[in-house]
Structures are given as C-alpha cells and as structure tokens.
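Participant: The structure follows.
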Amino acid sequence: MHRDLILRARNGDHDAFTALAGDAFDRLHRTARLILRDDDLAADAVQEALVSAWIHIRAVRDPDRLDSWLHRLVVRACYRQARRSARYGLVEIRVATLGAATEPDAARLTADRDQLERGFRRLSPEQRAVLVVHYYLGMTEREAATVLDIPVGTVKSRLSRAGRALRAALEADERAPVLARESTT
Amino acid sequence: MTDNDDLERRLARWFEADAHGPAPAGRFQQAIERTRSRRPRPAVLVGVGSHWVETGPDADVPRVSWRSIAVIALVALALVAGAVYVGSQQRTLPGLILPIGDGLVAYSSDGDLFIGDLVTSQARAIVTGPALDSSPKFSPDGSRIAFIRGDPWGEDASIIVVRPDGSDERVAMPSGAKRGIDFTWTPDGRSVLVNHDSEPSRTTSYYAGELSLFDASGVAEPRLLTPPLPIGPGGPYFRYTDQVAPMFRPPNGDLILSSDFGPASAAMTGRLQRLYLWDADLEDRRQIEIEGLGGYEPYYFQPWALSWSPDGSMIAFSLGWGDREPFEIGAFVMRADGTDVRRLAGVDAWSPDGTRIAFQRCSRYPDGDGSVIVLVDVASGSERILEATSVLTKREGEPFGQSEGTEEPLCGWYSGPDGRAWDYEGWSWSPDGRSIVMLERSGTRPMVVDVETGQATELPWEADSAPSWQRISPPDPG
C-alpha cells in the first residue's frame with residue numbers, strides 16, 4: 001500500500017502524496033519540534049520540507065527509504081528556520097506539558113528538564129539535530145549520516161562535540177553564568 | 001555508570017517526554033495546500049538534493065544515455081568556448097552614494113531564475129530546468145548575476161554566473177567544492193567571495209566557517225582566504241551557519257567586517273560579542289573598540305543586523321543585552337572606528353545615499369496587531385512612518401506572537417489561516433533611492449513601496465528569494 005502510494009505520487013497523484021504526508025506529519029513535526037524547541041517553527045519547517053518533497057517526489061526510487069528522505073528534508077528545513085528565528089530574535093513561549101510539580105520527584109524531574117532545555121538551546125542547530133536523530137529517532141551513526149547528509153566520521157565527531165557542549169552548558173547553568181563583558185585586545 | 005551514559009539517558013528521557021503532543025491544528029492542511037500549487041519536477045534530472053537515494057529494484061526512472069550526455073557536453077563546450085569572447089570588460093559605476101539608475105530585479109522561484117521589471121510588473125524566466133537555482137545577486141556593475149545551484153547545505157552546491165538574459169553561463173564555484181555556502185560579489189565584480197563550512201578540517205565545538213575567493217568567469221583557480229587564521233577561544237570569525245555573506249566595506253572593499261563569540265568564558269553562550277575589521281586579504285585584523293555601550297552590558301550582537309553604510313563610514317548593528325532572557329534588544333549606528341555610537345529605532349536597510357534607514361515596526365492596536373514601515377533619519381534619529389503602507393497592516397485574526405515576558409509584538413511570528421505572516425525580509429532599496437522592494441517572509445509575493453508616498457504594491461510574481469536590484473549607468477547627459 002505504502003509502495004503503491006509512492007508510485008502514484010511519483011506519477012503526480014497529489015492525493016497519494018497527501019496520504020503519505022499525513023502518515024508522516026506528526027512524526028516529522030515531533031522531530032522538528034525537538035530540534036527547534038517551538039511548535040510553530042517546527043510546523044513551518046515541516047511545511048517547507050513537504051513542499052520540497054512534493055517537488056522532488058520523482059527522485060524517490062526506493063520506497064522503503066521515504067521516511068529517511070523526509071527526515072532529511074525536515075532537518076535541513078529546521079536549519080533554515082533556526083536561522084530565520086535568530087534573524088527575528090524570536091523567543092518561544094512554552095507551556096509545561098506536565099501537571100504542577102507537587103511531589104519531590106516531579107519537582108526534581110521538572111528542574112532536570114528545565115536545565116536540559118536551557119542547555120540544549122545553547123547548542124547549534126546542527127548539534128541539536130545530531131542529538132535528536134541519534135537519541136530520539138534511535139538512528140545508528142550510519143543512518144544519521146544519511147539523514148544529516150554528512151560523513152559517518154562527522155556524525156561521530158559532531159555527537160561528541162554536542163555532548164561536550166551540552167555538558168559544559170549544563171555545568172555553566174549550575175554556576176548561574178553571567179555573560180563576560182566586552183574586552184578589547 | 002559514566003557521565004556520558006547518564007547524559008544520554010537523561011537526553012533520551014527528555015526527548016521522549018517532550019516529543020508528545022499534537023502538531024498545531026490546521027498546519028497539516030496548510031502544508032498540503034502549499035504543495036497543491038506546485039508541480040513535481042521531471043524525473044530525468046531530479047537528483048538535485050536527492051543524490052543519496054539508492055536505486056531500488058523497481059526503479060523506472062528514465063535514464064540518460066552516455067551518447068546523449070556526450071552530445072550535451074560537446075554542445076556545452078562549444079557554447080562555453082564561444083562565450084569566452086563575449087565581453088568581459090568591467091564597467092566602473094559610481095559609488096553607492098552617487099545617483100544611479102534602477103535596472104531590473106532578479107529573483108528565484110521554484111528552482112528557476114527570473115528577471116522582473118518593476119515599471120511594467122512584467123517578469124520572465126532567464127534560467128530554467130530541473131536544477132534547483134536560487135539566491136540570485138547582481139554584480140556591482142549590473143552586468144551579471146551570480147546564483148546558487150543545488151542545495152546550499154548539500155555537497156552538490158555550486159555557484160553559477162550568467163548575464164541578465166541568462167546567457168553565457170559560467171561555473172564560478174564547481175559542484176562539490178564547498179557546502180553550507182553563502183556568497184557576495186567582490187566590489188570589482190571579478191570574483192565571488194564564498195562563506196562556507198570548513199568541516200571536517202576544523203576541530204572546534206562551534207561553527208567553523210571559512211572564506212574562499214572564486215573567479216566569476218571560472219577561469220582562475222579558487223583561493224582559500226582564511227587559513228592560517230587562528231581559531232581563537234572566541235570561536236571562528238566567519239560562521240557559515242549564519243549564512244550572512246561577508247561584508248566588504250563600500251565602496252572599494254578595503255575592509256571586511258566580522259564578529260566572534262568573545263572571550264572563552266563567554267563562548268558557550270554562542271552569542272557574538274566582538275566585532276573585527278580585516279584587511280581584504282584577511283592577513284590582518286583589529287577589534288573595533290566600541291565606545292558608549294556601558295549602559296547595555298552584558299551584550300551580544302545579532303549577526304543579521306550588521307551592515308555598512310553605503311559610504312563605508314558607519315556600521316549599523318543590533319544588540320541584545322541583559323543577564324538572562326528575555327533580553328532587551330536595540331538598534332544602533334556607530335562610526336567604523338567604534339566612536340559616536342547612537343541608538344536608533346531600527347536598522348533593516350540603508351538608503352543608497354546613507355541618510356536614512358528603513359525598518360518594519362510591529363504595533364499592537366485595539367483591534368489587532370499591525371506593522372508599518374518607518375524611515376529613520378540617521379543624523380537626527382527622527383522617524384517618518386510611511387502612513388500609506390496599510391497593505392502591510394494586519395488588524396484581524398490571530399495576533400502576532402510576543403517576546404517572552406513582554407507585551408512587545410513580534411512581526412510575523414504567527415501566520416494566519418491563509419499562511420501569510422505579514423512580515424517582510426530581503427529588504428532592498430532601489431538604486432535611485434525612491435522605493436524599497438521586499439519579500440513576504442512566509443509567502444511568495446514581493447512588495448514594492450514608494451518611499452515618498454508610502455504606496456505599497458504587491459507584485460504579481462512568485463518569488464522565494466530576496467530580490468536583487470540591478471544598478472545601471474545613468475543616462476548619458478549628451
């Protein structure tokens with residue numbers, strides 16, 4: 001069925017493409033939201049990716065790899081959205097998805113998530129993407145290399161750097177950082 | 001259990017918990033509506049952006065025979081050989097601050113390049129085909145257009161140069177040379193300076209970016225400008241991820257403006273804290289010591305807002321400051337040596353004569369949110385609102401978003417049901433300084449605004465890149 005839809009979409013059947021996109025939309029949006037930390041930016045990124053997917057649908061020769069291809073387009077769209085959001089100095093307004101932290105464990109969990117959120121935001125879009133693809137989507141380094149369009153060695157080094165940067169950000173967060181003042185040389 | 005294991009577990013748990021929840025209502029339908037107006041590209045050469053897709057057993061994509069490829073190559077070779085004789089003389093136009101005529105506007109749409117005439121509103125395609133072409137930019141003398149072919153983030157990106165009618169196509173930067181690219185013309189119009197990813201040669205936790213010079217005619221060998229620059233504790237000076245073209249100082253390009261993260265202790269923030277001026281061959285740099293920002297510390301620069309005044313005497317920039325979010329944000333201008341710092345209301349685009357700066361201001365009205373274009377006099381700081389730009393104003397439906405913890409509306413943060421965000425980017429003054437053209441951020445329709453009357457007109461073109469305006473020689477007085 002899936003394969004049939006792809007073949008139909010490749011022949012210009014927009015309804016078939018709509019069915020494929022509908023099947024993937026929530027999954028793609030979750031990935032984009034984790035990278036961009038924002039619902040609407042993520043939706044913009046997925047929309048951009050789907051438009052690109054439709055335009056290039058005839059490039060899909062292996063139906064089994066459609067999902068990887070869509071994720072690749074979404075990751076690239078996320079990079080672009082991240083740049084645009086930086087351009088406009090936008091700040092996401094997040095609403096906690098859990099109830100109020102009334103128990104000590106819940107409070108600790110919430111504090112942990114807040115700290116991760118702050119640390120994660122300090123990473124570059126590329127670093128966020130490699131962490132999401134590897135630790136959320138569960139892709140191997142080789143699969144991640146395909147989705148991120150970088151060599152496997154770069155995935156490894158980027159994962160390592162992203163981990164180091166996140167750890168350093170978390171440590172800096174615990175020390176209540178203050179931005180260094182301008183110093184001239 | 002190692003620290004690594006612990007962090008990985010925390011991350012995986014957090015991702016899993018944070019990923020739940022539906023996508024915003026209606027966004028799927030909106031995305032599908034966007035696709036409905038497009039058409040799939042032909043299959044034969046659609047590999048752009050999809051070269052990684054392995055050929056499956058059921059592949060039925062038409063193949064191009066080696067014979068056809070050879071014929072095409074021979075024809076292309078003949079065309080290139082013939083094109084060698086086409087004029088390569090550079091015309092020298094007056095500097096940006098002198099009067100100059102308006103030419104055509106170049107833009108890309110759906111992977112093809114177009115030329116539009118704002119007088120007649122007519123547009124025509126100049127470069128078409130299955131390749132994904134985007135980001136056209138006119139050369140300083142208006143005689144050629146450079147653009148990116150392929151995905152700027154992909155391995156297949158190249159930079160092509162054509163004449164305004166699409167003829168005399170030359171490869172300035174070949175496919176596979178660099179990735180993560182943005183570019184600008186050198187002031188003499190002979191080369192394109194490319195800002196690109198330096199991976200995997202660099203070992204830094206932050207974005208690395210380098211500058212390379214490519215001959216616009218595709219003849220001379222490219223030259224990597226950045227090494228052996230040290231990547232200091234403040235991080236690299238030319239971040240490819242910012243996708244901000246290198247900033248030559250007008251009119252002659254004797255200096256290049258850049259920035260870095262500042263001292264190592266602040267590098268983790270990923271925010272730009274220092275500005276530098278480099279000589280044009282990047283062999284020497286000096287930090288701009290900025291006077292008069294004492295009341296805004298600690299601060300950081302927003303890379304998108306850095307720009308030279310047209311005469312090269314001043315720099316406009318936008319600062320964020322404060323110890324934590326939400327940061328305060330403000331626009332400033334200063335002399336190139338860091339003196340005479342003054343705060344302005346906004347800094348989107350300098351007028352060609354350097355006397356005014358235009359920007360978009362969002363405001364909250366009783367019946368909704370709206371935006372207007374404002375002109376700021378650089379010398380006095382006085383403002384003039386283009387009252388007739390009501391076509392930009394959005395007064396109904398969903399409000400704009402707002403900065404966290406403030407009531408300040410943000411232009412275009414939320415798009416309405418029709419997908420319009422009511423926000424414009426890619427600001428470009430006409431060379432004669434009488435109008436501004438810009439592109440709706442989430443849409444496809446460029447807008448041209450008369451700066452005297454404020455009349456805003458939506459152009460009947462579909463564009464997906466910032467319009468680039470052609471500068472042409474003034475009429476011969478004789």
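Every chain in the structure tokens has a letter given in the order shown (A, B, ...), and although residue numbers restart at 1 in each chain, ligands are simply numbered from 1 in the order shown.
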Considering only C-alpha atoms, return as a ChimeraX atom specification whatever protein or nucleic-acid residues lie within 6 Å of Ile181 in chain B, sequence-local ones (same chain, fewer than 3 positions apart) excluded.

Facilitator: /B:152,195-196

Participant: Just the selected residues (C-alpha atoms), exported as an mmCIF file, in the first residue's frame, please.

Facilitator:
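Produced file part-v2.cif, reproduced below:
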data_model
loop_
_atom_site.group_PDB
_atom_site.id
_atom_site.type_symbol
_atom_site.label_atom_id
_atom_site.label_comp_id
_atom_site.auth_asym_id
_atom_site.auth_seq_id
_atom_site.Cartn_x
_atom_site.Cartn_y
_atom_site.Cartn_z
ATOM 1 C CA PRO B 152 23.406 25.446 -0.283
ATOM 2 C CA ASN B 195 31.391 31.886 3.112
ATOM 3 C CA HIS B 196 31.333 28.119 3.635
#

Participant: Would you mind listing what lies within 12 Å of Ala19 in chain A as JSON, numbers by chain, with only C-alpha atoms counted and same-chain residues fewer than 2 positions away left out?

Facilitator: {"A": [1, 2, 3, 4, 5, 6, 8, 9, 13, 14, 15, 16, 17, 21, 22, 23, 24, 25], "B": [28, 29, 32]}

Participant: Write out, as a PDB file, in the first residue's frame, the residues just selected, with N, CA and C atoms.

Facilitator:
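Contents of the output file selection14.pdb:
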ATOM      1  N   MET A   1       0.831  -1.202   0.000  1.00  0.00           N
ATOM      2  CA  MET A   1       0.000   0.000   0.000  1.00  0.00           C
ATOM      3  C   MET A   1       0.872   1.261   0.000  1.00  0.00           C
ATOM      4  N   HIS A   2       1.852   1.263   0.926  1.00  0.00           N
ATOM      5  CA  HIS A   2       2.769   2.377   1.040  1.00  0.00           C
ATOM      6  C   HIS A   2       3.528   2.570  -0.267  1.00  0.00           C
ATOM      7  N   ARG A   3       4.024   1.458  -0.791  1.00  0.00           N
ATOM      8  CA  ARG A   3       4.775   1.478  -2.036  1.00  0.00           C
ATOM      9  C   ARG A   3       3.899   1.965  -3.184  1.00  0.00           C
ATOM     10  N   ASP A   4       2.657   1.521  -3.169  1.00  0.00           N
ATOM     11  CA  ASP A   4       1.727   1.920  -4.211  1.00  0.00           C
ATOM     12  C   ASP A   4       1.480   3.429  -4.158  1.00  0.00           C
ATOM     13  N   LEU A   5       1.348   3.939  -2.936  1.00  0.00           N
ATOM     14  CA  LEU A   5       1.125   5.385  -2.791  1.00  0.00           C
ATOM     15  C   LEU A   5       2.307   6.172  -3.336  1.00  0.00           C
ATOM     16  N   ILE A   6       3.495   5.696  -3.051  1.00  0.00           N
ATOM     17  CA  ILE A   6       4.689   6.406  -3.524  1.00  0.00           C
ATOM     18  C   ILE A   6       4.738   6.407  -5.052  1.00  0.00           C
ATOM     19  N   ARG A   8       2.244   6.139  -7.053  1.00  0.00           N
ATOM     20  CA  ARG A   8       1.190   7.034  -7.551  1.00  0.00           C
ATOM     21  C   ARG A   8       1.609   8.497  -7.389  1.00  0.00           C
ATOM     22  N   ALA A   9       2.198   8.797  -6.238  1.00  0.00           N
ATOM     23  CA  ALA A   9       2.639  10.180  -6.007  1.00  0.00           C
ATOM     24  C   ALA A   9       3.703  10.570  -7.028  1.00  0.00           C
ATOM     25  N   ASP A  13       0.148  12.055  -8.587  1.00  0.00           N
ATOM     26  CA  ASP A  13      -1.122  11.921  -7.877  1.00  0.00           C
ATOM     27  C   ASP A  13      -1.022  12.647  -6.531  1.00  0.00           C
ATOM     28  N   HIS A  14      -1.615  13.818  -6.460  1.00  0.00           N
ATOM     29  CA  HIS A  14      -1.486  14.625  -5.250  1.00  0.00           C
ATOM     30  C   HIS A  14      -2.205  13.998  -4.060  1.00  0.00           C
ATOM     31  N   ASP A  15      -3.288  13.316  -4.307  1.00  0.00           N
ATOM     32  CA  ASP A  15      -3.997  12.647  -3.209  1.00  0.00           C
ATOM     33  C   ASP A  15      -3.111  11.577  -2.567  1.00  0.00           C
ATOM     34  N   ALA A  16      -2.369  10.872  -3.396  1.00  0.00           N
ATOM     35  CA  ALA A  16      -1.462   9.859  -2.849  1.00  0.00           C
ATOM     36  C   ALA A  16      -0.381  10.516  -2.002  1.00  0.00           C
ATOM     37  N   PHE A  17       0.117  11.647  -2.494  1.00  0.00           N
ATOM     38  CA  PHE A  17       1.132  12.362  -1.709  1.00  0.00           C
ATOM     39  C   PHE A  17       0.536  12.843  -0.390  1.00  0.00           C
ATOM     40  N   ALA A  21       2.019  12.088   3.215  1.00  0.00           N
ATOM     41  CA  ALA A  21       2.405  13.187   4.102  1.00  0.00           C
ATOM     42  C   ALA A  21       1.631  13.126   5.410  1.00  0.00           C
ATOM     43  N   GLY A  22       0.343  12.774   5.313  1.00  0.00           N
ATOM     44  CA  GLY A  22      -0.471  12.677   6.521  1.00  0.00           C
ATOM     45  C   GLY A  22       0.041  11.606   7.469  1.00  0.00           C
ATOM     46  N   ASP A  23       0.512  10.530   6.895  1.00  0.00           N
ATOM     47  CA  ASP A  23       1.055   9.442   7.700  1.00  0.00           C
ATOM     48  C   ASP A  23       2.323   9.871   8.431  1.00  0.00           C
ATOM     49  N   ALA A  24       3.107  10.744   7.785  1.00  0.00           N
ATOM     50  CA  ALA A  24       4.416  11.111   8.345  1.00  0.00           C
ATOM     51  C   ALA A  24       4.383  12.401   9.151  1.00  0.00           C
ATOM     52  N   PHE A  25       3.321  13.186   9.012  1.00  0.00           N
ATOM     53  CA  PHE A  25       3.348  14.566   9.519  1.00  0.00           C
ATOM     54  C   PHE A  25       3.673  14.658  11.012  1.00  0.00           C
TER      55      PHE A  25
ATOM     56  N   PHE B  28      -1.253  20.781   9.072  1.00  0.00           N
ATOM     57  CA  PHE B  28      -1.082  19.778   8.028  1.00  0.00           C
ATOM     58  C   PHE B  28      -1.822  20.201   6.766  1.00  0.00           C
ATOM     59  N   GLN B  29      -3.085  20.636   6.946  1.00  0.00           N
ATOM     60  CA  GLN B  29      -3.862  21.068   5.792  1.00  0.00           C
ATOM     61  C   GLN B  29      -3.192  22.243   5.085  1.00  0.00           C
ATOM     62  N   ILE B  32      -0.343  21.005   3.032  1.00  0.00           N
ATOM     63  CA  ILE B  32      -0.819  20.318   1.828  1.00  0.00           C
ATOM     64  C   ILE B  32      -1.319  21.322   0.799  1.00  0.00           C
TER      65      ILE B  32
END

Participant: From the set A:Leu148, A:Ala168, A:Ile55, A:Leu73, which residue has the shortest atom-to-atom contact distance to chain B, counting only C-alpha atoms?

Facilitator: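 Looking at the shortest contact to chain B, the residue is A:Ile55.
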
Participant: For each of B:Arg170, B:Arg286, B:Arg149, B:Arg335, take the minimum atom-to-atom distance to chain A, counting only C-alpha atoms, then give the residue where this is smallest.

Facilitator: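 Closest residue, counting only C-alpha atoms: B:Arg286.
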